>>> print(open('structure.cif').read())   # mmCIF, C-alpha atoms
data_target
#
loop_
_atom_site.label_atom_id
_atom_site.label_comp_id
_atom_site.auth_asym_id
_atom_site.auth_seq_id
_atom_site.Cartn_x
_atom_site.Cartn_y
_atom_site.Cartn_z
CA MET R 1 51.02 109.46 86.26
CA ALA R 2 52.08 110.22 89.80
CA THR R 3 55.33 108.37 89.22
CA ILE R 4 56.17 110.44 86.16
CA VAL R 5 55.49 113.67 87.98
CA VAL R 6 57.76 112.68 90.84
CA ALA R 7 60.50 111.68 88.43
CA LEU R 8 60.33 114.99 86.63
CA LEU R 9 60.52 116.90 89.87
CA ALA R 10 63.47 114.82 90.99
CA ALA R 11 65.31 115.52 87.74
CA LEU R 12 64.78 119.22 88.15
CA VAL R 13 66.17 119.11 91.67
CA VAL R 14 69.09 116.75 91.13
CA ALA R 15 70.49 118.05 87.86
CA PRO R 16 71.54 121.46 89.14
CA ALA R 17 73.03 119.91 92.27
CA THR R 18 75.24 117.63 90.21
CA ALA R 19 76.41 120.46 88.06
CA VAL R 20 77.25 122.59 91.06
CA GLY R 21 79.05 119.79 92.91
CA GLY R 22 81.20 118.58 90.01
CA VAL R 23 84.84 119.61 90.12
CA LEU R 24 87.59 119.36 87.60
CA LYS R 25 90.38 116.92 88.13
CA GLY R 26 93.79 117.06 86.58
CA THR R 27 95.85 113.95 86.14
CA ALA R 28 99.39 113.33 85.02
CA ALA R 29 100.96 109.94 84.56
CA GLY R 30 104.40 108.50 84.04
CA THR R 31 105.61 104.96 83.48
CA GLU R 32 108.68 103.02 84.35
CA SER R 33 109.51 99.36 84.04
CA VAL R 34 111.35 97.23 86.57
CA SER R 35 112.42 93.64 87.02
CA SER R 36 113.25 91.70 90.12
CA GLY R 37 116.19 89.39 90.33
CA SER R 38 116.28 85.88 91.74
CA TRP R 39 118.45 84.21 94.27
CA GLY R 40 119.26 80.61 95.06
CA ALA R 41 121.74 77.80 94.83
CA SER R 42 121.40 74.12 94.11
CA VAL R 43 123.63 71.17 94.89
CA ALA R 44 124.31 67.95 93.00
CA PRO R 45 124.22 65.32 94.16
CA THR R 46 122.00 66.19 97.11
CA SER R 47 123.18 63.24 99.18
CA LEU R 48 126.39 61.29 99.64
CA THR R 49 126.63 57.70 100.88
CA TRP R 50 129.68 55.91 102.26
CA THR R 51 130.54 52.28 102.38
CA SER R 52 134.07 52.94 103.53
CA ASN R 53 136.11 55.86 104.73
CA SER R 54 136.74 58.19 101.83
CA SER R 55 136.19 61.66 100.45
CA GLN R 56 133.25 62.52 98.21
CA THR R 57 132.34 65.74 96.47
CA ALA R 58 129.26 67.68 95.46
CA THR R 59 128.89 70.78 93.30
CA VAL R 60 126.96 73.87 94.38
CA THR R 61 125.64 76.11 91.60
CA ASN R 62 124.32 79.67 91.79
CA THR R 63 120.93 79.48 90.08
CA GLY R 64 119.94 83.12 90.58
CA THR R 65 120.63 86.50 89.05
CA ILE R 66 121.60 88.26 92.26
CA ALA R 67 125.08 87.83 93.68
CA LEU R 68 125.37 86.04 97.00
CA VAL R 69 127.45 86.81 100.05
CA GLN R 70 126.47 83.83 102.15
CA LEU R 71 124.89 80.41 101.88
CA THR R 72 123.08 78.31 104.44
CA TYR R 73 123.31 74.54 104.31
CA GLN R 74 120.84 72.26 105.98
CA ILE R 75 123.01 69.18 106.58
CA THR R 76 121.48 65.88 107.60
CA VAL R 77 123.68 63.01 108.76
CA THR R 78 122.25 59.53 109.14
CA PHE R 79 123.83 56.37 110.55
CA ASP R 80 123.22 53.62 113.11
CA ALA R 81 124.10 55.50 116.26
CA ALA R 82 123.69 52.41 118.42
CA LYS R 83 126.52 50.52 116.77
CA ASP R 84 128.55 52.90 114.63
CA ASN R 85 130.78 55.82 115.46
CA PRO R 86 131.57 57.71 112.24
CA VAL R 87 133.01 61.20 111.94
CA LEU R 88 132.39 63.40 108.90
CA THR R 89 134.12 66.64 107.96
CA LEU R 90 132.95 69.05 105.30
CA ALA R 91 134.93 71.65 103.37
CA VAL R 92 134.21 73.95 100.44
CA CYS R 93 136.49 75.11 97.65
CA THR R 94 136.09 77.64 94.86
CA SER R 95 137.77 75.22 92.48
CA ALA R 96 137.11 71.57 91.84
CA TRP R 97 138.78 69.30 94.36
CA SER R 98 141.78 67.47 92.98
CA GLY R 99 143.27 64.51 94.79
CA GLY R 100 141.46 65.59 97.92
CA LYS R 101 143.04 69.04 97.73
CA CYS R 102 141.61 72.52 97.15
CA ASN R 103 144.17 74.37 95.07
CA GLY R 104 146.74 72.37 96.97
CA GLY R 105 145.18 73.19 100.32
CA ALA R 106 142.44 71.99 102.60
CA GLY R 107 139.68 74.32 101.55
CA THR R 108 137.39 76.11 103.98
CA ASN R 109 135.81 73.95 106.62
CA ILE R 110 132.06 74.09 107.29
CA PRO R 111 131.80 74.81 110.15
CA ALA R 112 135.18 76.41 110.64
CA ASN R 113 135.93 74.26 113.65
CA GLY R 114 133.86 71.14 113.98
CA ASN R 115 132.58 68.00 112.38
CA TYR R 116 129.53 65.78 112.18
CA ASP R 117 129.39 62.77 114.44
CA VAL R 118 125.76 62.63 115.51
CA ASN R 119 122.54 61.80 113.75
CA GLY R 120 120.29 64.66 112.78
CA THR R 121 120.09 67.93 110.91
CA THR R 122 122.23 70.96 111.56
CA THR R 123 122.32 74.38 109.94
CA GLU R 124 125.63 75.83 108.86
CA THR R 125 126.52 78.96 106.93
CA SER R 126 129.37 79.66 104.57
CA THR R 127 130.67 82.80 102.96
CA VAL R 128 132.34 80.80 100.23
CA VAL R 129 129.58 81.13 97.67
CA PRO R 130 129.25 80.42 93.99
CA PRO R 131 129.44 83.46 91.69
CA LEU R 132 126.61 84.20 89.29
CA SER R 133 126.24 81.19 87.00
CA GLY R 134 129.23 79.67 88.76
CA HIS R 135 130.04 76.94 91.25
CA VAL R 136 131.72 76.04 94.50
CA TYR R 137 132.65 72.51 95.42
CA LEU R 138 131.98 70.58 98.60
CA GLN R 139 134.08 67.72 99.86
CA ALA R 140 132.90 65.49 102.70
CA THR R 141 135.32 63.08 104.27
CA SER R 142 134.42 60.16 106.51
CA SER R 143 136.55 58.70 109.26
CA GLY R 144 135.88 56.71 112.37
CA THR R 145 134.17 53.34 112.35
CA PHE R 146 131.00 52.22 110.71
CA ARG R 147 129.69 49.07 109.14
CA GLN R 148 129.46 48.85 105.42
CA SER R 149 126.09 47.13 105.78
CA GLN R 150 124.57 50.19 107.44
CA PRO R 151 124.09 53.40 105.44
CA LEU R 152 126.15 56.45 106.35
CA THR R 153 124.77 59.41 104.50
CA MET R 154 125.16 63.17 104.42
CA ALA R 155 122.45 65.17 102.65
CA PHE R 156 122.58 68.87 101.73
CA VAL R 157 119.95 71.51 101.11
CA PRO R 158 121.47 74.88 100.25
CA GLU R 159 119.30 77.82 101.20
CA VAL R 160 119.52 81.50 100.31
CA ALA R 161 117.47 84.06 102.20
CA GLY R 162 116.88 87.60 101.04
CA PRO R 163 118.11 90.15 101.69
CA SER R 164 120.69 89.19 104.31
CA GLN R 165 122.52 86.66 102.14
CA LEU R 166 122.50 88.79 99.00
CA ARG R 167 124.88 91.44 97.75
CA ALA R 168 124.66 94.88 99.31
CA ALA R 169 121.69 96.97 98.26
CA VAL R 170 122.23 99.22 95.27
CA LYS R 171 120.80 102.70 94.75
CA THR R 172 120.22 103.76 91.16
CA ASP R 173 119.46 107.38 90.24
CA GLN R 174 118.40 108.13 86.70
CA MET T 175 -7.43 151.05 66.22
CA ARG T 176 -6.73 148.18 68.42
CA PRO T 177 -3.13 147.88 69.29
CA MET T 178 -1.28 144.84 68.11
CA ARG T 179 -0.47 142.40 70.87
CA ILE T 180 2.79 140.81 70.77
CA VAL T 181 3.11 137.60 72.60
CA ALA T 182 6.48 136.24 73.32
CA ARG T 183 6.67 132.52 73.56
CA VAL T 184 8.92 131.23 76.16
CA THR T 185 10.10 127.71 75.89
CA SER T 186 10.18 125.95 79.15
CA TRP T 187 13.72 124.49 80.03
CA SER T 188 14.41 122.12 82.82
CA THR T 189 16.70 123.35 85.59
CA PRO T 190 19.74 120.97 84.97
CA ALA T 191 19.76 121.78 81.32
CA ARG T 192 19.94 125.44 82.11
CA VAL T 193 22.90 124.94 84.35
CA ILE T 194 24.85 123.04 81.73
CA LEU T 195 24.11 125.56 79.08
CA ALA T 196 25.17 128.44 81.26
CA GLY T 197 28.38 126.71 82.18
CA ALA T 198 29.30 125.98 78.57
CA PHE T 199 28.63 129.55 77.62
CA ALA T 200 30.73 130.92 80.41
CA THR T 201 33.60 128.58 79.58
CA SER T 202 33.64 129.55 75.94
CA ILE T 203 33.68 133.20 76.84
CA ALA T 204 36.52 132.65 79.22
CA LEU T 205 38.61 130.73 76.67
CA VAL T 206 38.11 133.33 74.02
CA THR T 207 38.99 136.09 76.44
CA THR T 208 42.11 134.32 77.65
CA ALA T 209 43.34 133.66 74.17
CA GLY T 210 42.82 137.22 73.34
CA VAL T 211 44.75 138.38 76.34
CA TYR T 212 47.75 136.14 75.62
CA ALA T 213 47.86 137.05 72.04
CA GLY T 214 47.74 140.64 72.88
CA LEU T 215 50.27 140.71 75.78
CA SER T 216 53.06 138.51 74.49
CA ALA T 217 56.44 140.12 75.30
CA THR T 218 60.14 139.13 75.31
CA ALA T 219 62.98 140.41 77.41
CA THR T 220 66.61 139.41 76.70
CA GLY T 221 69.93 139.94 78.39
CA THR T 222 73.44 138.80 77.52
CA SER T 223 76.21 137.57 79.72
CA SER T 224 79.69 136.55 78.69
CA LEU T 225 81.88 134.11 80.53
CA THR T 226 85.03 132.12 80.04
CA THR T 227 85.76 128.74 81.50
CA GLY T 228 89.09 128.05 83.09
CA THR T 229 91.44 125.24 82.27
CA PHE T 230 92.87 122.74 84.67
CA ASN T 231 95.96 120.85 83.63
CA LEU T 232 98.52 118.86 85.54
CA THR T 233 101.71 117.99 83.74
CA LEU T 234 104.64 115.79 84.61
CA SER T 235 108.20 116.40 83.52
CA ALA T 236 111.70 115.40 84.47
CA ASP T 237 113.41 117.39 87.20
CA VAL T 238 116.89 116.06 86.62
CA GLY T 239 117.87 112.93 84.77
CA ALA T 240 115.52 110.94 82.61
CA GLY T 241 112.39 111.23 84.70
CA PHE T 242 110.13 108.21 84.61
CA SER T 243 111.94 105.62 82.53
CA ASN T 244 112.97 102.00 82.46
CA PHE T 245 115.35 100.37 84.89
CA THR T 246 117.40 97.70 83.21
CA GLY T 247 119.01 96.15 86.26
CA LYS T 248 117.59 93.29 88.25
CA MET T 249 116.34 94.58 91.58
CA ALA T 250 117.35 92.78 94.73
CA PRO T 251 115.61 93.26 98.07
CA GLY T 252 116.76 96.55 99.57
CA ASP T 253 117.64 98.13 96.23
CA THR T 254 116.19 101.53 95.36
CA ASP T 255 115.54 102.93 91.90
CA ASN T 256 115.07 106.69 91.90
CA VAL T 257 113.74 109.14 89.34
CA PHE T 258 113.24 112.88 89.77
CA VAL T 259 110.18 114.69 88.44
CA ASN T 260 108.20 117.91 88.59
CA LEU T 261 104.40 118.20 88.74
CA ASN T 262 103.08 121.44 87.32
CA ASN T 263 99.67 123.07 87.27
CA THR T 264 99.62 124.66 83.83
CA GLY T 265 95.92 125.49 83.75
CA THR T 266 94.25 128.79 84.50
CA LEU T 267 92.56 127.47 87.61
CA ALA T 268 94.36 126.94 90.87
CA SER T 269 94.20 123.55 92.49
CA ALA T 270 92.96 122.59 95.91
CA ALA T 271 95.55 121.55 98.42
CA GLY T 272 96.43 117.89 98.31
CA MET T 273 97.06 115.32 95.62
CA THR T 274 96.65 111.58 95.22
CA LEU T 275 98.73 108.90 93.58
CA TRP T 276 97.99 105.38 92.49
CA VAL T 277 100.30 102.99 90.74
CA ALA T 278 99.21 100.30 88.32
CA GLY T 279 101.38 97.37 87.36
CA SER T 280 101.21 95.69 83.97
CA PRO T 281 101.28 92.79 84.00
CA VAL T 282 99.84 92.45 87.45
CA ASN T 283 101.99 90.09 89.49
CA ALA T 284 103.44 89.60 92.96
CA LEU T 285 105.51 92.76 92.64
CA THR T 286 102.36 94.88 92.88
CA ASN T 287 99.36 92.79 93.90
CA GLY T 288 100.29 91.80 97.43
CA SER T 289 99.99 88.07 96.77
CA VAL T 290 103.16 87.45 98.79
CA SER T 291 102.49 88.92 102.18
CA GLY T 292 104.89 91.66 103.19
CA GLU T 293 106.86 91.52 99.97
CA GLY T 294 106.81 93.44 96.69
CA LEU T 295 107.52 96.93 95.43
CA THR T 296 107.29 100.05 97.54
CA VAL T 297 107.27 103.71 96.62
CA THR T 298 108.46 106.75 98.55
CA LEU T 299 108.10 110.40 97.47
CA THR T 300 110.29 113.19 98.76
CA GLN T 301 110.36 116.80 97.67
CA CYS T 302 113.53 118.87 97.63
CA SER T 303 113.52 122.66 97.83
CA VAL T 304 116.06 122.77 95.00
CA ALA T 305 116.80 120.49 92.10
CA TRP T 306 118.14 117.10 93.10
CA THR T 307 121.77 116.28 92.48
CA LEU T 308 121.57 113.42 90.04
CA ALA T 309 125.12 112.18 90.49
CA SER T 310 124.63 111.46 94.16
CA GLY T 311 120.87 111.36 94.38
CA THR T 312 120.96 113.86 97.21
CA CYS T 313 119.10 117.05 98.02
CA GLY T 314 121.17 120.16 98.57
CA GLY T 315 118.28 121.99 100.16
CA THR T 316 115.44 121.04 102.45
CA THR T 317 113.51 117.83 101.99
CA THR T 318 109.81 117.40 102.60
CA PRO T 319 108.20 113.97 102.78
CA ILE T 320 105.27 113.65 100.43
CA LEU T 321 104.63 109.93 100.70
CA ALA T 322 106.14 107.66 103.31
CA THR T 323 107.32 104.27 102.09
CA THR T 324 104.16 102.50 100.96
CA GLN T 325 103.55 99.08 99.47
CA ILE T 326 102.31 99.52 95.91
CA SER T 327 99.86 96.70 96.56
CA THR T 328 97.90 99.09 98.81
CA MET T 329 97.55 101.75 96.12
CA ASN T 330 97.32 99.75 92.91
CA THR T 331 93.84 100.83 91.76
CA SER T 332 92.22 104.17 91.02
CA SER T 333 89.82 103.54 93.89
CA THR T 334 92.61 103.04 96.42
CA PRO T 335 94.97 105.95 95.83
CA ALA T 336 97.46 107.14 98.40
CA THR T 337 97.03 110.67 99.68
CA LEU T 338 100.16 112.74 99.26
CA LEU T 339 101.24 114.88 102.17
CA ASN T 340 102.32 118.49 102.28
CA VAL T 341 101.02 119.36 98.83
CA PRO T 342 99.75 122.95 98.90
CA SER T 343 97.22 124.59 96.63
CA LEU T 344 98.96 125.07 93.32
CA ALA T 345 98.59 128.50 91.78
CA ALA T 346 97.09 128.79 88.35
CA THR T 347 99.55 128.48 85.50
CA THR T 348 102.63 128.54 87.69
CA GLY T 349 101.92 126.30 90.67
CA GLN T 350 104.06 123.26 90.95
CA VAL T 351 105.23 120.46 93.16
CA ALA T 352 108.78 120.53 92.03
CA HIS T 353 111.88 118.45 92.56
CA VAL T 354 110.17 115.25 93.62
CA GLU T 355 112.19 112.10 94.06
CA VAL T 356 110.17 109.00 93.28
CA SER T 357 111.94 106.16 95.00
CA LEU T 358 111.07 102.60 94.14
CA GLY T 359 112.07 99.87 96.55
CA LEU T 360 111.78 96.09 96.72
CA VAL T 361 110.97 94.16 99.84
CA GLY T 362 111.88 90.48 99.69
CA THR T 363 112.39 88.21 102.68
CA GLU T 364 111.82 84.83 101.10
CA THR T 365 114.17 81.88 101.08
CA SER T 366 115.05 79.68 98.13
CA ASN T 367 115.73 76.01 98.82
CA ASN T 368 118.12 74.08 96.61
CA GLY T 369 117.70 76.64 93.86
CA THR T 370 113.91 76.73 93.98
CA PRO T 371 112.04 79.84 95.15
CA PRO T 372 108.79 79.54 97.10
CA ALA T 373 105.64 78.75 95.14
CA GLN T 374 104.49 82.34 95.69
CA THR T 375 107.48 84.51 94.89
CA ILE T 376 108.53 87.99 93.92
CA GLN T 377 111.64 86.68 92.19
CA GLY T 378 112.29 86.90 88.48
CA LEU T 379 109.30 89.11 87.66
CA SER T 380 108.92 92.19 85.48
CA THR T 381 106.26 94.86 85.35
CA THR T 382 105.63 98.30 83.96
CA LEU T 383 104.40 100.77 86.53
CA THR T 384 102.09 103.64 85.67
CA TYR T 385 102.09 106.41 88.26
CA THR T 386 98.91 108.50 88.11
CA PHE T 387 98.87 111.77 90.03
CA THR T 388 95.52 113.51 90.48
CA GLU T 389 94.73 116.99 91.74
CA GLN T 390 91.39 118.76 92.05
CA GLN T 391 90.42 122.29 91.15
CA ARG T 392 90.14 124.93 93.84
CA THR T 393 86.87 125.31 95.71
CA PRO T 394 84.10 126.61 93.39
CA VAL T 395 83.41 130.33 93.77
CA VAL T 396 79.97 132.00 93.77
CA THR T 397 80.07 135.41 92.13
CA ASN T 398 77.15 137.84 92.52
CA GLN T 399 77.19 141.01 90.46
#
>>> encode(input="structure.cif", output="structure tokens")
Amino acid sequence: MATIVVALLAALVVAPATAVGGVLKGTAAGTESVSSGSWGASVAPTSLTWTSNSSQTATVTNTGTIALVQLTYQITVTFDAAKDNPVLTLAVCTSAWSGGKCNGGAGTNIPANGNYDVNGTTTETSTVVPPLSGHVYLQATSSGTFRQSQPLTMAFVPEVAGPSQLRAAVKTDQ
Amino acid sequence: MRPMRIVARVTSWSTPARVILAGAFATSIALVTTAGVYAGLSATATGTSSLTTGTFNLTLSADVGAGFSNFTGKMAPGDTDNVFVNLNNTGTLASAAGMTLWVAGSPVNALTNGSVSGEGLTVTLTQCSVAWTLASGTCGGTTTPILATTQISTMNTSSTPATLLNVPSLAATTGQVAHVEVSLGLVGTETSNNGTPPAQTIQGLSTTLTYTFTEQQRTPVVTNQ
């Protein structure tokens, strides 16, 4: 009985307070839909192996939906440094290499001035990039001396970082 | 003649019995009397009072251009997608100063839920003293920041709205926060390796954003008359 009485009294006290404290709220809503693009590039094959001095090629493909302005390559060269002394050069072309030539020329060296003659991984950038759904073509050329019995390899991992390696930002007003 | 003698016989009652009897008698008298009084003094007084409740409505419309709509392009990090809207108080009650905004994404994904730290969609609100120029997306008058660039992931539920700045009390019927640019941005700093984005990525996603603006009525008024 005491509990019921207390509950009734509480209801009488609380109900008016709630009514007084309640305020109206007005809301308005709008919707818009958006999609994000993607960015990236792949290479095939990812690794080249030499048994004699020669030129080999790989194809880099734009796998994203956002245009690129730059690519980074992680390039790993492996050989027996104790006994061999190879030298590798790398160049990129917007067309497929033909007879070792890029549209009749030498292509664009990566890096612009330098080559690869030590074991290990280096990071190089290139502004020769594949267009959307398109390709660029790498050509690596070996020279120097190395034994055919020991592997000489060059591996590539193309990387694309946003936003610095993507097209300029776009402002859309609608 | 000898007068007749009348002898009254008095029954002897015990003391407790007498008390009970007296009490019952008194109670019955009291009840009867009370009933009689109520029945006889019943009265009614009435008064009438008329009142009208106000209305409180917030509406959203385009300022220039399409207003809230769909962006067909693929956003890249750093891109901005702008729309221009007006918020109007069309009710008969003024609003209190201030307004809140929360933005829901559907479907919920990394663009709006903060699952990729530091990345995702952002929103910025700026008011212009005159209508925006759609062709250039510029303000020919004075701009007032209403919401600094904010990650949507921090304001993606009704319980975590962002508080808009510099929103005054809106007058009844005519008050408005007009010429507001709603600027959507994308932050993306991730790196794709050999054509593969990170496991947690903002790339290649779509969502529909619902912007919900909320205002409150003016302070309640006590009227004595």
>>> closest_atom_pairs(input="structure.cif", of="chain R", to="chain T", cutoff="6 Å", atoms="all atoms listed in the file", output="tab-separated table")
residue	atom	partner	partner_atom	distance
R:Leu24	CA	T:Gln391	CA	5.4
R:Lys25	CA	T:Gln390	CA	4.4
R:Gly26	CA	T:Leu232	CA	5.2
R:Thr27	CA	T:Thr388	CA	4.4
R:Ala28	CA	T:Phe387	CA	5.3
R:Ala29	CA	T:Thr386	CA	4.3
R:Gly30	CA	T:Tyr385	CA	5.2
R:Thr31	CA	T:Thr384	CA	4.4
R:Glu32	CA	T:Ser243	CA	4.5
R:Ser33	CA	T:Thr382	CA	4.0
R:Val34	CA	T:Phe245	CA	5.4
R:Ser35	CA	T:Ser380	CA	4.1
R:Ser36	CA	T:Met249	CA	4.5
R:Gly37	CA	T:Lys248	CA	4.6
R:Ser38	CA	T:Gln377	CA	4.7
R:Gly40	CA	T:Gly369	CA	4.4
R:Ala41	CA	T:Gly369	CA	4.3
R:Ser42	CA	T:Asn368	CA	4.1
R:Thr63	CA	T:Gly369	CA	5.7
R:Val157	CA	T:Asn368	CA	5.5
R:Pro158	CA	T:Asn368	CA	5.0
R:Glu159	CA	T:Asn367	CA	4.7
R:Val160	CA	T:Ser366	CA	5.3
R:Ala161	CA	T:Thr365	CA	4.1
R:Gly162	CA	T:Thr363	CA	4.8
R:Pro163	CA	T:Pro251	CA	5.4
R:Ala169	CA	T:Asp253	CA	4.7
R:Val170	CA	T:Asp253	CA	4.8
R:Lys171	CA	T:Thr254	CA	4.8
R:Thr172	CA	T:Asp255	CA	4.8
R:Asp173	CA	T:Asn256	CA	4.7
R:Gln174	CA	T:Gly239	CA	5.2
>>> atom_distance(input="structure.cif", atom1="CA of Thr59 in chain R", atom2="CA of Pro86 in chain R")
23.2 Å
>>> resolve_selection(input="structure.cif", expression="the PyMOL selection byres ((chain R and resi 92) around 6)", output="PyMOL selection string")
chain R and resi 91+93+107-108+137-138
>>> atom_distance(input="structure.cif", atom1="CA of Ala236 in chain T", atom2="CA of Ser327 in chain T")
25.2 Å
>>> residues_around(input="structure.cif", residues="Gln325 in chain T", least_positions_apart="3", cutoff="9 Å", atoms="only C-alpha atoms", output="list in words")
Thr286, Gly288, Gly292, Glu293, Gly294, Leu295, Thr296, Val297, Thr328, Met329 and Val361 of chain T
>>> write_last_selection(input="structure.cif", atoms="C-alpha atoms", output="PDB file, in the coordinates of the input")
ATOM      1  CA  THR T 286     102.360  94.880  92.880  1.00  0.00           C
ATOM      2  CA  GLY T 288     100.290  91.800  97.430  1.00  0.00           C
ATOM      3  CA  GLY T 292     104.890  91.660 103.190  1.00  0.00           C
ATOM      4  CA  GLU T 293     106.860  91.520  99.970  1.00  0.00           C
ATOM      5  CA  GLY T 294     106.810  93.440  96.690  1.00  0.00           C
ATOM      6  CA  LEU T 295     107.520  96.930  95.430  1.00  0.00           C
ATOM      7  CA  THR T 296     107.290 100.050  97.540  1.00  0.00           C
ATOM      8  CA  VAL T 297     107.270 103.710  96.620  1.00  0.00           C
ATOM      9  CA  THR T 328      97.900  99.090  98.810  1.00  0.00           C
ATOM     10  CA  MET T 329      97.550 101.750  96.120  1.00  0.00           C
ATOM     11  CA  VAL T 361     110.970  94.160  99.840  1.00  0.00           C
TER      12      VAL T 361
END
>>> closest_residue(input="structure.cif", among="R:Asn119, R:Asn103, R:Thr57, R:Thr46", to="Leu152 in chain R", atoms="only C-alpha atoms")
R:Asn119
>>> closest_residue(input="structure.cif", among="R:Ser164, R:Asn113, R:Thr121, R:Ser54", to="Thr145 in chain R", atoms="all atoms listed in the file")
R:Ser54
>>> atom_distance(input="structure.cif", atom1="CA of Val304 in chain T", atom2="CA of Thr316 in chain T")
7.7 Å
>>> resolve_selection(input="structure.cif", expression="the PyMOL selection byres ((chain R and resi 99) around 12)", output="mmCIF file with C-alpha atoms, keeping the file's coordinate frame")
data_model
loop_
_atom_site.group_PDB
_atom_site.id
_atom_site.type_symbol
_atom_site.label_atom_id
_atom_site.label_comp_id
_atom_site.auth_asym_id
_atom_site.auth_seq_id
_atom_site.Cartn_x
_atom_site.Cartn_y
_atom_site.Cartn_z
ATOM 1 C CA SER R 54 136.740 58.190 101.830
ATOM 2 C CA SER R 55 136.190 61.660 100.450
ATOM 3 C CA GLN R 56 133.250 62.520 98.210
ATOM 4 C CA THR R 57 132.340 65.740 96.470
ATOM 5 C CA ALA R 96 137.110 71.570 91.840
ATOM 6 C CA TRP R 97 138.780 69.300 94.360
ATOM 7 C CA SER R 98 141.780 67.470 92.980
ATOM 8 C CA GLY R 100 141.460 65.590 97.920
ATOM 9 C CA LYS R 101 143.040 69.040 97.730
ATOM 10 C CA CYS R 102 141.610 72.520 97.150
ATOM 11 C CA ASN R 103 144.170 74.370 95.070
ATOM 12 C CA GLY R 104 146.740 72.370 96.970
ATOM 13 C CA GLY R 105 145.180 73.190 100.320
ATOM 14 C CA ALA R 106 142.440 71.990 102.600
ATOM 15 C CA GLN R 139 134.080 67.720 99.860
#
>>> resolve_selection(input="structure.cif", expression="the PyMOL selection byres ((chain T and resi 346) around 6)", output="short mmCIF file (atom, residue, chain, number, x, y, z; two decimals) with C-alpha atoms, in the coordinates of the input")
data_model
loop_
_atom_site.label_atom_id
_atom_site.label_comp_id
_atom_site.auth_asym_id
_atom_site.auth_seq_id
_atom_site.Cartn_x
_atom_site.Cartn_y
_atom_site.Cartn_z
CA GLY T 265 95.92 125.49 83.75
CA THR T 266 94.25 128.79 84.50
CA LEU T 267 92.56 127.47 87.61
CA ALA T 268 94.36 126.94 90.87
CA ALA T 345 98.59 128.50 91.78
CA THR T 347 99.55 128.48 85.50
CA THR T 348 102.63 128.54 87.69
CA GLY T 349 101.92 126.30 90.67
#
>>> residues_around(input="structure.cif", residues="Asn340 in chain T", least_positions_apart="3", cutoff="8 Å", atoms="all atoms listed in the file", output="ChimeraX atom specification")
/T:272,318-320
